[in-house]
$ cat start26.cif   # mmCIF, N, CA and C atoms
data_model
#
loop_
_atom_site.label_atom_id
_atom_site.label_comp_id
_atom_site.auth_asym_id
_atom_site.auth_seq_id
_atom_site.Cartn_x
_atom_site.Cartn_y
_atom_site.Cartn_z
N MET A 14 -31.24 45.31 49.32
CA MET A 14 -32.40 46.15 49.55
C MET A 14 -33.23 46.23 48.27
N ALA A 15 -34.50 45.97 48.38
CA ALA A 15 -35.38 46.00 47.20
C ALA A 15 -35.59 47.43 46.75
N HIS A 16 -35.73 47.62 45.46
CA HIS A 16 -36.00 48.95 44.92
C HIS A 16 -37.38 48.94 44.27
N GLU A 17 -37.95 50.11 44.16
CA GLU A 17 -39.26 50.26 43.53
C GLU A 17 -39.15 49.94 42.05
N LEU A 18 -40.04 49.11 41.56
CA LEU A 18 -40.04 48.72 40.17
C LEU A 18 -40.57 49.87 39.31
N ASP A 19 -39.72 50.40 38.43
CA ASP A 19 -40.11 51.53 37.57
C ASP A 19 -40.58 50.98 36.22
N LEU A 20 -41.87 51.05 35.99
CA LEU A 20 -42.46 50.56 34.75
C LEU A 20 -42.95 51.71 33.87
N SER A 21 -42.52 52.91 34.17
CA SER A 21 -43.03 54.10 33.49
C SER A 21 -42.67 54.15 32.00
N ARG A 22 -41.75 53.31 31.56
CA ARG A 22 -41.38 53.26 30.14
C ARG A 22 -41.80 51.95 29.48
N VAL A 23 -42.51 51.13 30.21
CA VAL A 23 -42.89 49.80 29.72
C VAL A 23 -44.28 49.84 29.09
N LYS A 24 -44.39 49.24 27.89
CA LYS A 24 -45.67 49.14 27.19
C LYS A 24 -46.21 47.72 27.39
N LEU A 25 -47.43 47.64 27.89
CA LEU A 25 -48.08 46.37 28.21
C LEU A 25 -49.27 46.14 27.28
N LEU A 26 -49.38 44.92 26.77
CA LEU A 26 -50.54 44.51 25.98
C LEU A 26 -51.24 43.38 26.72
N ILE A 27 -52.53 43.56 26.99
CA ILE A 27 -53.35 42.53 27.62
C ILE A 27 -54.14 41.86 26.51
N VAL A 28 -54.00 40.54 26.39
CA VAL A 28 -54.69 39.79 25.34
C VAL A 28 -55.59 38.76 26.01
N ASP A 29 -56.89 38.98 25.90
CA ASP A 29 -57.87 38.09 26.52
C ASP A 29 -59.20 38.33 25.84
N ASP A 30 -59.98 37.28 25.66
CA ASP A 30 -61.28 37.45 25.01
C ASP A 30 -62.36 37.93 25.98
N SER A 31 -62.01 38.05 27.25
CA SER A 31 -62.97 38.52 28.25
C SER A 31 -62.74 39.99 28.60
N PRO A 32 -63.71 40.86 28.29
CA PRO A 32 -63.58 42.27 28.68
C PRO A 32 -63.43 42.45 30.19
N ILE A 33 -64.02 41.56 30.96
CA ILE A 33 -63.91 41.64 32.43
C ILE A 33 -62.46 41.45 32.86
N ASN A 34 -61.77 40.49 32.24
CA ASN A 34 -60.36 40.27 32.59
C ASN A 34 -59.51 41.48 32.22
N HIS A 35 -59.81 42.11 31.09
CA HIS A 35 -59.08 43.34 30.71
C HIS A 35 -59.26 44.40 31.80
N ARG A 36 -60.48 44.56 32.23
CA ARG A 36 -60.79 45.58 33.24
C ARG A 36 -60.07 45.30 34.56
N ILE A 37 -60.09 44.05 35.00
CA ILE A 37 -59.42 43.67 36.26
C ILE A 37 -57.93 43.98 36.17
N VAL A 38 -57.29 43.54 35.11
CA VAL A 38 -55.84 43.75 34.96
C VAL A 38 -55.54 45.24 34.84
N SER A 39 -56.27 45.93 33.98
CA SER A 39 -56.02 47.37 33.77
C SER A 39 -56.18 48.18 35.05
N LEU A 40 -57.26 47.91 35.78
CA LEU A 40 -57.49 48.67 37.02
C LEU A 40 -56.44 48.35 38.08
N SER A 41 -56.01 47.11 38.17
CA SER A 41 -55.04 46.75 39.20
C SER A 41 -53.63 47.25 38.89
N LEU A 42 -53.39 47.62 37.62
CA LEU A 42 -52.06 48.11 37.23
C LEU A 42 -52.06 49.58 36.81
N ARG A 43 -53.19 50.23 36.96
CA ARG A 43 -53.36 51.61 36.51
C ARG A 43 -52.26 52.53 37.04
N GLY A 44 -51.70 53.34 36.13
CA GLY A 44 -50.70 54.34 36.51
C GLY A 44 -49.28 53.82 36.62
N ARG A 45 -49.05 52.54 36.45
CA ARG A 45 -47.70 51.98 36.60
C ARG A 45 -46.93 51.90 35.29
N PHE A 46 -47.64 51.78 34.16
CA PHE A 46 -47.02 51.55 32.87
C PHE A 46 -47.13 52.78 31.97
N LEU A 47 -46.22 52.86 31.00
CA LEU A 47 -46.28 53.91 29.99
C LEU A 47 -47.60 53.80 29.22
N ALA A 48 -47.95 52.56 28.86
CA ALA A 48 -49.19 52.32 28.12
C ALA A 48 -49.70 50.94 28.45
N ILE A 49 -51.02 50.81 28.56
CA ILE A 49 -51.68 49.52 28.69
C ILE A 49 -52.72 49.46 27.58
N ASP A 50 -52.52 48.54 26.65
CA ASP A 50 -53.44 48.36 25.53
C ASP A 50 -54.10 46.99 25.63
N SER A 51 -55.15 46.81 24.83
CA SER A 51 -55.92 45.56 24.86
C SER A 51 -56.08 44.97 23.47
N ALA A 52 -56.12 43.63 23.43
CA ALA A 52 -56.49 42.88 22.24
C ALA A 52 -57.39 41.74 22.72
N TYR A 53 -58.33 41.33 21.88
CA TYR A 53 -59.34 40.36 22.31
C TYR A 53 -59.18 38.99 21.68
N ASN A 54 -58.15 38.82 20.85
CA ASN A 54 -57.78 37.50 20.34
C ASN A 54 -56.33 37.56 19.89
N GLY A 55 -55.77 36.40 19.60
CA GLY A 55 -54.36 36.34 19.25
C GLY A 55 -53.99 37.03 17.95
N LEU A 56 -54.89 37.01 16.98
CA LEU A 56 -54.61 37.69 15.72
C LEU A 56 -54.55 39.19 15.91
N GLU A 57 -55.50 39.72 16.67
CA GLU A 57 -55.48 41.16 16.97
C GLU A 57 -54.21 41.53 17.72
N ALA A 58 -53.78 40.66 18.64
CA ALA A 58 -52.54 40.91 19.39
C ALA A 58 -51.34 41.00 18.45
N PHE A 59 -51.26 40.08 17.50
CA PHE A 59 -50.15 40.09 16.54
C PHE A 59 -50.16 41.36 15.69
N GLU A 60 -51.33 41.74 15.21
CA GLU A 60 -51.45 42.95 14.39
C GLU A 60 -51.03 44.19 15.19
N LYS A 61 -51.44 44.26 16.45
CA LYS A 61 -51.04 45.40 17.30
C LYS A 61 -49.54 45.38 17.57
N TYR A 62 -48.98 44.19 17.80
CA TYR A 62 -47.55 44.07 18.09
C TYR A 62 -46.71 44.55 16.90
N LYS A 63 -47.15 44.28 15.69
CA LYS A 63 -46.41 44.73 14.51
C LYS A 63 -46.35 46.26 14.45
N LYS A 64 -47.38 46.94 14.94
CA LYS A 64 -47.42 48.40 14.93
C LYS A 64 -46.69 48.99 16.15
N THR A 65 -46.82 48.33 17.29
CA THR A 65 -46.23 48.80 18.55
C THR A 65 -45.55 47.63 19.24
N PRO A 66 -44.23 47.52 19.14
CA PRO A 66 -43.57 46.41 19.82
C PRO A 66 -43.66 46.56 21.35
N TYR A 67 -44.60 45.84 21.94
CA TYR A 67 -44.82 45.91 23.38
C TYR A 67 -43.68 45.23 24.12
N ASP A 68 -43.39 45.73 25.31
CA ASP A 68 -42.35 45.15 26.15
C ASP A 68 -42.85 43.90 26.85
N VAL A 69 -44.11 43.95 27.29
CA VAL A 69 -44.70 42.85 28.05
C VAL A 69 -46.07 42.55 27.46
N ILE A 70 -46.35 41.25 27.29
CA ILE A 70 -47.66 40.82 26.79
C ILE A 70 -48.22 39.79 27.76
N LEU A 71 -49.39 40.08 28.31
CA LEU A 71 -50.14 39.11 29.10
C LEU A 71 -51.08 38.42 28.13
N MET A 72 -50.88 37.12 27.90
CA MET A 72 -51.56 36.41 26.82
C MET A 72 -52.42 35.28 27.36
N ASP A 73 -53.74 35.41 27.18
CA ASP A 73 -54.65 34.33 27.53
C ASP A 73 -54.32 33.13 26.64
N ALA A 74 -54.40 31.93 27.20
CA ALA A 74 -54.09 30.73 26.43
C ALA A 74 -55.24 30.35 25.49
N MET A 75 -56.47 30.44 25.97
CA MET A 75 -57.63 29.98 25.21
C MET A 75 -58.45 31.17 24.72
N MET A 76 -58.43 31.39 23.38
CA MET A 76 -59.19 32.49 22.78
C MET A 76 -59.68 32.06 21.41
N PRO A 77 -60.72 32.72 20.92
CA PRO A 77 -61.18 32.45 19.55
C PRO A 77 -60.25 33.11 18.52
N VAL A 78 -60.46 32.80 17.28
CA VAL A 78 -59.73 33.32 16.12
C VAL A 78 -58.30 32.78 16.10
N MET A 79 -57.49 33.13 17.09
CA MET A 79 -56.12 32.61 17.23
C MET A 79 -55.83 32.54 18.72
N ASN A 80 -55.48 31.34 19.20
CA ASN A 80 -55.23 31.21 20.64
C ASN A 80 -53.86 31.78 21.03
N GLY A 81 -53.59 31.80 22.31
CA GLY A 81 -52.36 32.42 22.82
C GLY A 81 -51.09 31.75 22.33
N CYS A 82 -51.10 30.42 22.22
CA CYS A 82 -49.92 29.70 21.74
C CYS A 82 -49.64 30.04 20.28
N GLU A 83 -50.69 30.05 19.46
CA GLU A 83 -50.52 30.39 18.04
C GLU A 83 -50.04 31.83 17.88
N SER A 84 -50.61 32.72 18.65
CA SER A 84 -50.22 34.12 18.59
C SER A 84 -48.76 34.30 18.99
N THR A 85 -48.36 33.64 20.06
CA THR A 85 -46.97 33.73 20.51
C THR A 85 -46.04 33.21 19.43
N HIS A 86 -46.41 32.12 18.79
CA HIS A 86 -45.58 31.54 17.73
C HIS A 86 -45.37 32.55 16.59
N VAL A 87 -46.43 33.20 16.13
CA VAL A 87 -46.27 34.16 15.03
C VAL A 87 -45.53 35.42 15.49
N ILE A 88 -45.71 35.82 16.73
CA ILE A 88 -44.96 36.96 17.26
C ILE A 88 -43.47 36.63 17.29
N ARG A 89 -43.12 35.43 17.76
CA ARG A 89 -41.70 35.04 17.82
C ARG A 89 -41.11 34.94 16.41
N LEU A 90 -41.86 34.42 15.45
CA LEU A 90 -41.38 34.38 14.06
C LEU A 90 -41.15 35.79 13.53
N TYR A 91 -42.08 36.68 13.80
CA TYR A 91 -41.96 38.07 13.38
C TYR A 91 -40.72 38.72 14.00
N GLU A 92 -40.51 38.51 15.28
CA GLU A 92 -39.33 39.09 15.96
C GLU A 92 -38.04 38.60 15.31
N THR A 93 -38.01 37.30 14.96
CA THR A 93 -36.83 36.72 14.31
C THR A 93 -36.65 37.30 12.91
N GLU A 94 -37.72 37.35 12.13
CA GLU A 94 -37.65 37.88 10.77
C GLU A 94 -37.21 39.35 10.76
N GLN A 95 -37.68 40.11 11.73
CA GLN A 95 -37.34 41.53 11.81
C GLN A 95 -36.00 41.77 12.52
N GLU A 96 -35.38 40.68 12.99
CA GLU A 96 -34.11 40.75 13.72
C GLU A 96 -34.21 41.72 14.90
N MET A 97 -35.31 41.60 15.63
CA MET A 97 -35.54 42.48 16.78
C MET A 97 -34.63 42.08 17.93
N LYS A 98 -33.90 43.05 18.44
CA LYS A 98 -33.00 42.81 19.57
C LYS A 98 -33.79 42.59 20.86
N ASP A 99 -34.77 43.45 21.10
CA ASP A 99 -35.58 43.38 22.31
C ASP A 99 -36.89 42.67 22.01
N LYS A 100 -36.98 41.43 22.48
CA LYS A 100 -38.18 40.64 22.26
C LYS A 100 -39.16 40.87 23.41
N ALA A 101 -40.43 40.72 23.13
CA ALA A 101 -41.45 40.89 24.16
C ALA A 101 -41.32 39.82 25.23
N PHE A 102 -41.61 40.19 26.46
CA PHE A 102 -41.71 39.25 27.57
C PHE A 102 -43.18 38.81 27.58
N ILE A 103 -43.43 37.57 27.13
CA ILE A 103 -44.80 37.08 26.99
C ILE A 103 -45.14 36.13 28.14
N ILE A 104 -46.22 36.48 28.83
CA ILE A 104 -46.65 35.71 30.00
C ILE A 104 -48.02 35.12 29.71
N ALA A 105 -48.12 33.81 29.79
CA ALA A 105 -49.40 33.13 29.61
C ALA A 105 -50.29 33.39 30.83
N MET A 106 -51.55 33.67 30.55
CA MET A 106 -52.56 33.74 31.63
C MET A 106 -53.50 32.57 31.40
N THR A 107 -53.58 31.69 32.37
CA THR A 107 -54.46 30.54 32.22
C THR A 107 -55.12 30.19 33.53
N ALA A 108 -56.37 29.75 33.44
CA ALA A 108 -57.13 29.41 34.63
C ALA A 108 -56.80 28.01 35.13
N ASN A 109 -56.37 27.13 34.24
CA ASN A 109 -56.03 25.77 34.68
C ASN A 109 -55.00 25.16 33.74
N ASP A 110 -54.53 23.99 34.12
CA ASP A 110 -53.54 23.29 33.32
C ASP A 110 -54.03 21.87 33.02
N ALA A 111 -55.34 21.71 32.89
CA ALA A 111 -55.93 20.39 32.70
C ALA A 111 -55.37 19.67 31.49
N ASP A 112 -55.14 20.37 30.41
CA ASP A 112 -54.68 19.73 29.17
C ASP A 112 -53.23 20.07 28.85
N GLY A 113 -52.45 20.43 29.85
CA GLY A 113 -51.05 20.77 29.61
C GLY A 113 -50.88 22.12 28.95
N ASP A 114 -51.83 23.04 29.20
CA ASP A 114 -51.77 24.38 28.58
C ASP A 114 -50.46 25.10 28.88
N ILE A 115 -50.03 25.04 30.13
CA ILE A 115 -48.82 25.78 30.54
C ILE A 115 -47.60 25.28 29.77
N LYS A 116 -47.43 23.95 29.73
CA LYS A 116 -46.29 23.37 29.02
C LYS A 116 -46.33 23.77 27.54
N ARG A 117 -47.49 23.68 26.92
CA ARG A 117 -47.65 24.03 25.51
C ARG A 117 -47.31 25.51 25.28
N CYS A 118 -47.78 26.37 26.18
CA CYS A 118 -47.49 27.80 26.06
C CYS A 118 -45.99 28.07 26.12
N LEU A 119 -45.31 27.46 27.06
CA LEU A 119 -43.87 27.67 27.21
C LEU A 119 -43.12 27.11 26.01
N GLU A 120 -43.58 25.98 25.47
CA GLU A 120 -42.93 25.38 24.30
C GLU A 120 -43.08 26.25 23.05
N THR A 121 -44.13 27.05 22.97
CA THR A 121 -44.33 27.90 21.78
C THR A 121 -43.60 29.23 21.89
N GLY A 122 -42.94 29.49 23.02
CA GLY A 122 -42.13 30.70 23.12
C GLY A 122 -42.54 31.68 24.20
N MET A 123 -43.58 31.34 24.97
CA MET A 123 -43.91 32.23 26.09
C MET A 123 -42.81 32.10 27.14
N ASP A 124 -42.61 33.16 27.90
CA ASP A 124 -41.51 33.20 28.86
C ASP A 124 -41.90 32.74 30.25
N ALA A 125 -43.16 32.86 30.59
CA ALA A 125 -43.62 32.53 31.94
C ALA A 125 -45.14 32.37 31.91
N TYR A 126 -45.70 32.03 33.05
CA TYR A 126 -47.16 31.97 33.14
C TYR A 126 -47.62 32.46 34.50
N ILE A 127 -48.85 32.93 34.50
CA ILE A 127 -49.48 33.39 35.73
C ILE A 127 -50.92 32.86 35.70
N GLY A 128 -51.40 32.44 36.84
CA GLY A 128 -52.74 31.88 36.91
C GLY A 128 -53.82 32.94 36.95
N LYS A 129 -55.02 32.49 36.67
CA LYS A 129 -56.22 33.32 36.83
C LYS A 129 -56.91 32.81 38.08
N PRO A 130 -57.51 33.65 38.87
CA PRO A 130 -57.66 35.09 38.64
C PRO A 130 -56.33 35.84 38.77
N PHE A 131 -56.23 36.92 38.03
CA PHE A 131 -55.03 37.75 37.99
C PHE A 131 -54.77 38.39 39.35
N VAL A 132 -53.52 38.30 39.82
CA VAL A 132 -53.10 38.95 41.06
C VAL A 132 -51.93 39.87 40.71
N ALA A 133 -52.17 41.17 40.83
CA ALA A 133 -51.18 42.16 40.41
C ALA A 133 -49.84 41.97 41.11
N GLU A 134 -49.85 41.66 42.39
CA GLU A 134 -48.60 41.51 43.14
C GLU A 134 -47.73 40.38 42.56
N LYS A 135 -48.34 39.27 42.19
CA LYS A 135 -47.58 38.17 41.58
C LYS A 135 -46.99 38.60 40.25
N PHE A 136 -47.78 39.29 39.46
CA PHE A 136 -47.33 39.78 38.16
C PHE A 136 -46.16 40.75 38.32
N LEU A 137 -46.29 41.70 39.23
CA LEU A 137 -45.22 42.69 39.45
C LEU A 137 -43.95 42.03 39.97
N ASN A 138 -44.09 41.02 40.83
CA ASN A 138 -42.92 40.27 41.30
C ASN A 138 -42.22 39.55 40.14
N MET A 139 -43.02 39.00 39.23
CA MET A 139 -42.48 38.32 38.06
C MET A 139 -41.69 39.31 37.20
N LEU A 140 -42.23 40.49 36.99
CA LEU A 140 -41.53 41.52 36.21
C LEU A 140 -40.26 41.98 36.92
N GLN A 141 -40.33 42.12 38.23
CA GLN A 141 -39.16 42.51 39.02
C GLN A 141 -38.02 41.52 38.78
N GLU A 142 -38.32 40.23 38.85
CA GLU A 142 -37.30 39.21 38.63
C GLU A 142 -36.76 39.28 37.20
N LYS A 143 -37.64 39.43 36.23
CA LYS A 143 -37.24 39.49 34.82
C LYS A 143 -36.35 40.71 34.55
N LEU A 144 -36.75 41.86 35.08
CA LEU A 144 -36.00 43.09 34.82
C LEU A 144 -34.70 43.15 35.59
N ASP A 145 -34.58 42.39 36.68
CA ASP A 145 -33.34 42.37 37.45
C ASP A 145 -32.30 41.41 36.89
N VAL A 146 -32.70 40.48 36.03
CA VAL A 146 -31.77 39.53 35.46
C VAL A 146 -30.74 40.27 34.61
N GLY A 147 -29.48 40.03 34.87
CA GLY A 147 -28.42 40.65 34.09
C GLY A 147 -28.07 42.06 34.52
N ARG A 148 -28.82 42.63 35.45
CA ARG A 148 -28.53 43.97 35.94
C ARG A 148 -27.42 43.88 36.98
N PRO A 149 -26.41 44.72 36.91
CA PRO A 149 -25.33 44.67 37.91
C PRO A 149 -25.88 45.03 39.30
N ALA A 150 -25.33 44.35 40.29
CA ALA A 150 -25.71 44.66 41.67
C ALA A 150 -25.29 46.08 42.00
N SER A 151 -25.99 46.71 42.94
CA SER A 151 -25.66 48.10 43.27
C SER A 151 -24.22 48.17 43.76
N GLY A 152 -23.51 49.14 43.28
CA GLY A 152 -22.11 49.30 43.63
C GLY A 152 -21.18 48.69 42.60
N ASP A 153 -21.69 47.74 41.79
CA ASP A 153 -20.87 47.13 40.75
C ASP A 153 -20.80 48.08 39.56
N PRO A 154 -19.70 48.06 38.85
CA PRO A 154 -19.62 48.89 37.64
C PRO A 154 -20.61 48.39 36.59
N ALA A 155 -21.17 49.29 35.85
CA ALA A 155 -22.15 48.92 34.81
C ALA A 155 -21.47 48.36 33.60
#
$ encode --input "start26.cif" --output "structure tokens"
Amino acid sequence: MAHELDLSRVKLLIVDDSPINHRIVSLSLRGRFLAIDSAYNGLEAFEKYKKTPYDVILMDAMMPVMNGCESTHVIRLYETEQEMKDKAFIIAMTANDADGDIKRCLETGMDAYIGKPFVAEKFLNMLQEKLDVGRPASGDPA
């Protein structure tokens, strides 16, 4: 039996150079997360992550200043250097895969990808699967 996904303690960072995409994602997920913050390029995302270790990061692949792959790479290095036990679940957001963007994103340390336009139900299903991994089945001892 499926259970309601509780995201009330999850901090989400949306990283995209398009304010419209921030608005779409934020509005479609409103009220589900502890916090939803925004960054408009990969460098800003990294700087915010150092101050607030987000649980989930939706990362656009193509951005100015620092793209999503570069940002993910420095975030993963930072997590390793800081010996962080809980690493961010980083999901690439990309409109297409013409140049192998998805493969490149996953190779740099992103955990998954979701296409654009953003569909909240797909994203929530992805989180459900991620959060259920390793969780004991109901009735099993913890």
$ residues_around --input "start26.cif" --residues "A:Gly128" --least-positions-apart "2" --cutoff "6.5 Å" --atoms "all atoms listed in the file" --output "JSON, numbers by chain"
{"A": [105, 106, 107, 108, 126, 130, 131, 132]}
$ atom_distance --input "start26.cif" --atom1 "atom N of A:Met72" --atom2 "atom CA of A:Val28"
5.3 Å
$ resolve_selection --input "start26.cif" --expression "the PyMOL selection byres (((chain A and resi 45-53 and name CA) around 8) and name CA)" --output "PDB file with N, CA and C atoms, keeping the file's coordinate frame"
ATOM      1  N   ASP A  19     -39.720  50.400  38.430  1.00  0.00           N
ATOM      2  CA  ASP A  19     -40.110  51.530  37.570  1.00  0.00           C
ATOM      3  C   ASP A  19     -40.580  50.980  36.220  1.00  0.00           C
ATOM      4  N   LEU A  20     -41.870  51.050  35.990  1.00  0.00           N
ATOM      5  CA  LEU A  20     -42.460  50.560  34.750  1.00  0.00           C
ATOM      6  C   LEU A  20     -42.950  51.710  33.870  1.00  0.00           C
ATOM      7  N   SER A  21     -42.520  52.910  34.170  1.00  0.00           N
ATOM      8  CA  SER A  21     -43.030  54.100  33.490  1.00  0.00           C
ATOM      9  C   SER A  21     -42.670  54.150  32.000  1.00  0.00           C
ATOM     10  N   ARG A  22     -41.750  53.310  31.560  1.00  0.00           N
ATOM     11  CA  ARG A  22     -41.380  53.260  30.140  1.00  0.00           C
ATOM     12  C   ARG A  22     -41.800  51.950  29.480  1.00  0.00           C
ATOM     13  N   VAL A  23     -42.510  51.130  30.210  1.00  0.00           N
ATOM     14  CA  VAL A  23     -42.890  49.800  29.720  1.00  0.00           C
ATOM     15  C   VAL A  23     -44.280  49.840  29.090  1.00  0.00           C
ATOM     16  N   LYS A  24     -44.390  49.240  27.890  1.00  0.00           N
ATOM     17  CA  LYS A  24     -45.670  49.140  27.190  1.00  0.00           C
ATOM     18  C   LYS A  24     -46.210  47.720  27.390  1.00  0.00           C
ATOM     19  N   LEU A  25     -47.430  47.640  27.890  1.00  0.00           N
ATOM     20  CA  LEU A  25     -48.080  46.370  28.210  1.00  0.00           C
ATOM     21  C   LEU A  25     -49.270  46.140  27.280  1.00  0.00           C
ATOM     22  N   LEU A  26     -49.380  44.920  26.770  1.00  0.00           N
ATOM     23  CA  LEU A  26     -50.540  44.510  25.980  1.00  0.00           C
ATOM     24  C   LEU A  26     -51.240  43.380  26.720  1.00  0.00           C
ATOM     25  N   ILE A  27     -52.530  43.560  26.990  1.00  0.00           N
ATOM     26  CA  ILE A  27     -53.350  42.530  27.620  1.00  0.00           C
ATOM     27  C   ILE A  27     -54.140  41.860  26.510  1.00  0.00           C
ATOM     28  N   VAL A  28     -54.000  40.540  26.390  1.00  0.00           N
ATOM     29  CA  VAL A  28     -54.690  39.790  25.340  1.00  0.00           C
ATOM     30  C   VAL A  28     -55.590  38.760  26.010  1.00  0.00           C
ATOM     31  N   ASP A  29     -56.890  38.980  25.900  1.00  0.00           N
ATOM     32  CA  ASP A  29     -57.870  38.090  26.520  1.00  0.00           C
ATOM     33  C   ASP A  29     -59.200  38.330  25.840  1.00  0.00           C
ATOM     34  N   ASP A  30     -59.980  37.280  25.660  1.00  0.00           N
ATOM     35  CA  ASP A  30     -61.280  37.450  25.010  1.00  0.00           C
ATOM     36  C   ASP A  30     -62.360  37.930  25.980  1.00  0.00           C
ATOM     37  N   SER A  31     -62.010  38.050  27.250  1.00  0.00           N
ATOM     38  CA  SER A  31     -62.970  38.520  28.250  1.00  0.00           C
ATOM     39  C   SER A  31     -62.740  39.990  28.600  1.00  0.00           C
ATOM     40  N   PRO A  32     -63.710  40.860  28.290  1.00  0.00           N
ATOM     41  CA  PRO A  32     -63.580  42.270  28.680  1.00  0.00           C
ATOM     42  C   PRO A  32     -63.430  42.450  30.190  1.00  0.00           C
ATOM     43  N   HIS A  35     -59.810  42.110  31.090  1.00  0.00           N
ATOM     44  CA  HIS A  35     -59.080  43.340  30.710  1.00  0.00           C
ATOM     45  C   HIS A  35     -59.260  44.400  31.800  1.00  0.00           C
ATOM     46  N   SER A  39     -56.270  45.930  33.980  1.00  0.00           N
ATOM     47  CA  SER A  39     -56.020  47.370  33.770  1.00  0.00           C
ATOM     48  C   SER A  39     -56.180  48.180  35.050  1.00  0.00           C
ATOM     49  N   LEU A  42     -53.390  47.620  37.620  1.00  0.00           N
ATOM     50  CA  LEU A  42     -52.060  48.110  37.230  1.00  0.00           C
ATOM     51  C   LEU A  42     -52.060  49.580  36.810  1.00  0.00           C
ATOM     52  N   ARG A  43     -53.190  50.230  36.960  1.00  0.00           N
ATOM     53  CA  ARG A  43     -53.360  51.610  36.510  1.00  0.00           C
ATOM     54  C   ARG A  43     -52.260  52.530  37.040  1.00  0.00           C
ATOM     55  N   GLY A  44     -51.700  53.340  36.130  1.00  0.00           N
ATOM     56  CA  GLY A  44     -50.700  54.340  36.510  1.00  0.00           C
ATOM     57  C   GLY A  44     -49.280  53.820  36.620  1.00  0.00           C
ATOM     58  N   ASN A  54     -58.150  38.820  20.850  1.00  0.00           N
ATOM     59  CA  ASN A  54     -57.780  37.500  20.340  1.00  0.00           C
ATOM     60  C   ASN A  54     -56.330  37.560  19.890  1.00  0.00           C
ATOM     61  N   GLY A  55     -55.770  36.400  19.600  1.00  0.00           N
ATOM     62  CA  GLY A  55     -54.360  36.340  19.250  1.00  0.00           C
ATOM     63  C   GLY A  55     -53.990  37.030  17.950  1.00  0.00           C
ATOM     64  N   GLU A  57     -55.500  39.720  16.670  1.00  0.00           N
ATOM     65  CA  GLU A  57     -55.480  41.160  16.970  1.00  0.00           C
ATOM     66  C   GLU A  57     -54.210  41.530  17.720  1.00  0.00           C
ATOM     67  N   ALA A  58     -53.780  40.660  18.640  1.00  0.00           N
ATOM     68  CA  ALA A  58     -52.540  40.910  19.390  1.00  0.00           C
ATOM     69  C   ALA A  58     -51.340  41.000  18.450  1.00  0.00           C
ATOM     70  N   LYS A  61     -51.440  44.260  16.450  1.00  0.00           N
ATOM     71  CA  LYS A  61     -51.040  45.400  17.300  1.00  0.00           C
ATOM     72  C   LYS A  61     -49.540  45.380  17.570  1.00  0.00           C
ATOM     73  N   MET A  76     -58.430  31.390  23.380  1.00  0.00           N
ATOM     74  CA  MET A  76     -59.190  32.490  22.780  1.00  0.00           C
ATOM     75  C   MET A  76     -59.680  32.060  21.410  1.00  0.00           C
TER      76      MET A  76
END
$ atom_distance --input "start26.cif" --atom1 "atom N of A:Gln141" --atom2 "atom N of A:Ile104"
12.4 Å
$ closest_residue --input "start26.cif" --among "A:Leu140, A:Lys135, A:Thr85, A:Lys100" --to "A:Asp73" --atoms "only C-alpha atoms"
A:Thr85
$ residues_around --input "start26.cif" --residues "A:Lys98" --least-positions-apart "6" --cutoff "12 Å" --atoms "only C-alpha atoms" --output "list in words"
Pro66, Asp68, Arg89, Tyr91 and Glu92 of chain A
$ select_by_dssp --input "start26.cif" --residues "chain A" --states "strand (DSSP E)" --output "ChimeraX atom specification"
/A:24-28,48-52,69-73,102-107,125-128
$ residues_around --input "start26.cif" --residues "A:Ser41" --least-positions-apart "4" --cutoff "9 Å" --atoms "only C-alpha atoms" --output "list in words"
Arg36, Ile37, Val132 and Ala133 of chain A
$ closest_residue --input "start26.cif" --among "A:Ile103, A:Leu119, A:Ala125, A:Ile33" --to "A:Leu71" --atoms "only C-alpha atoms"
A:Ile103
$ atom_distance --input "start26.cif" --atom1 "atom CA of A:Asn80" --atom2 "atom C of A:Ala101"
17.0 Å
$ select_by_dssp --input "start26.cif" --residues "chain A" --states "alpha helix (DSSP H)" --output "PyMOL selection string"
chain A and resi 32-42+55-64+81-94+114-120+133-145
$ closest_residue --input "start26.cif" --among "A:Leu90, A:Ala74, A:Val38, A:Met139" --to "A:Asp114" --atoms "only C-alpha atoms"
A:Ala74
$ closest_residue --input "start26.cif" --among "A:Lys129, A:Cys118, A:Lys63, A:Met123" --to "A:Met97" --atoms "only C-alpha atoms"
A:Lys63
$ closest_residue --input "start26.cif" --among "A:Arg117, A:Leu56, A:Thr65, A:Glu94" --to "A:Val78" --atoms "only C-alpha atoms"
A:Leu56
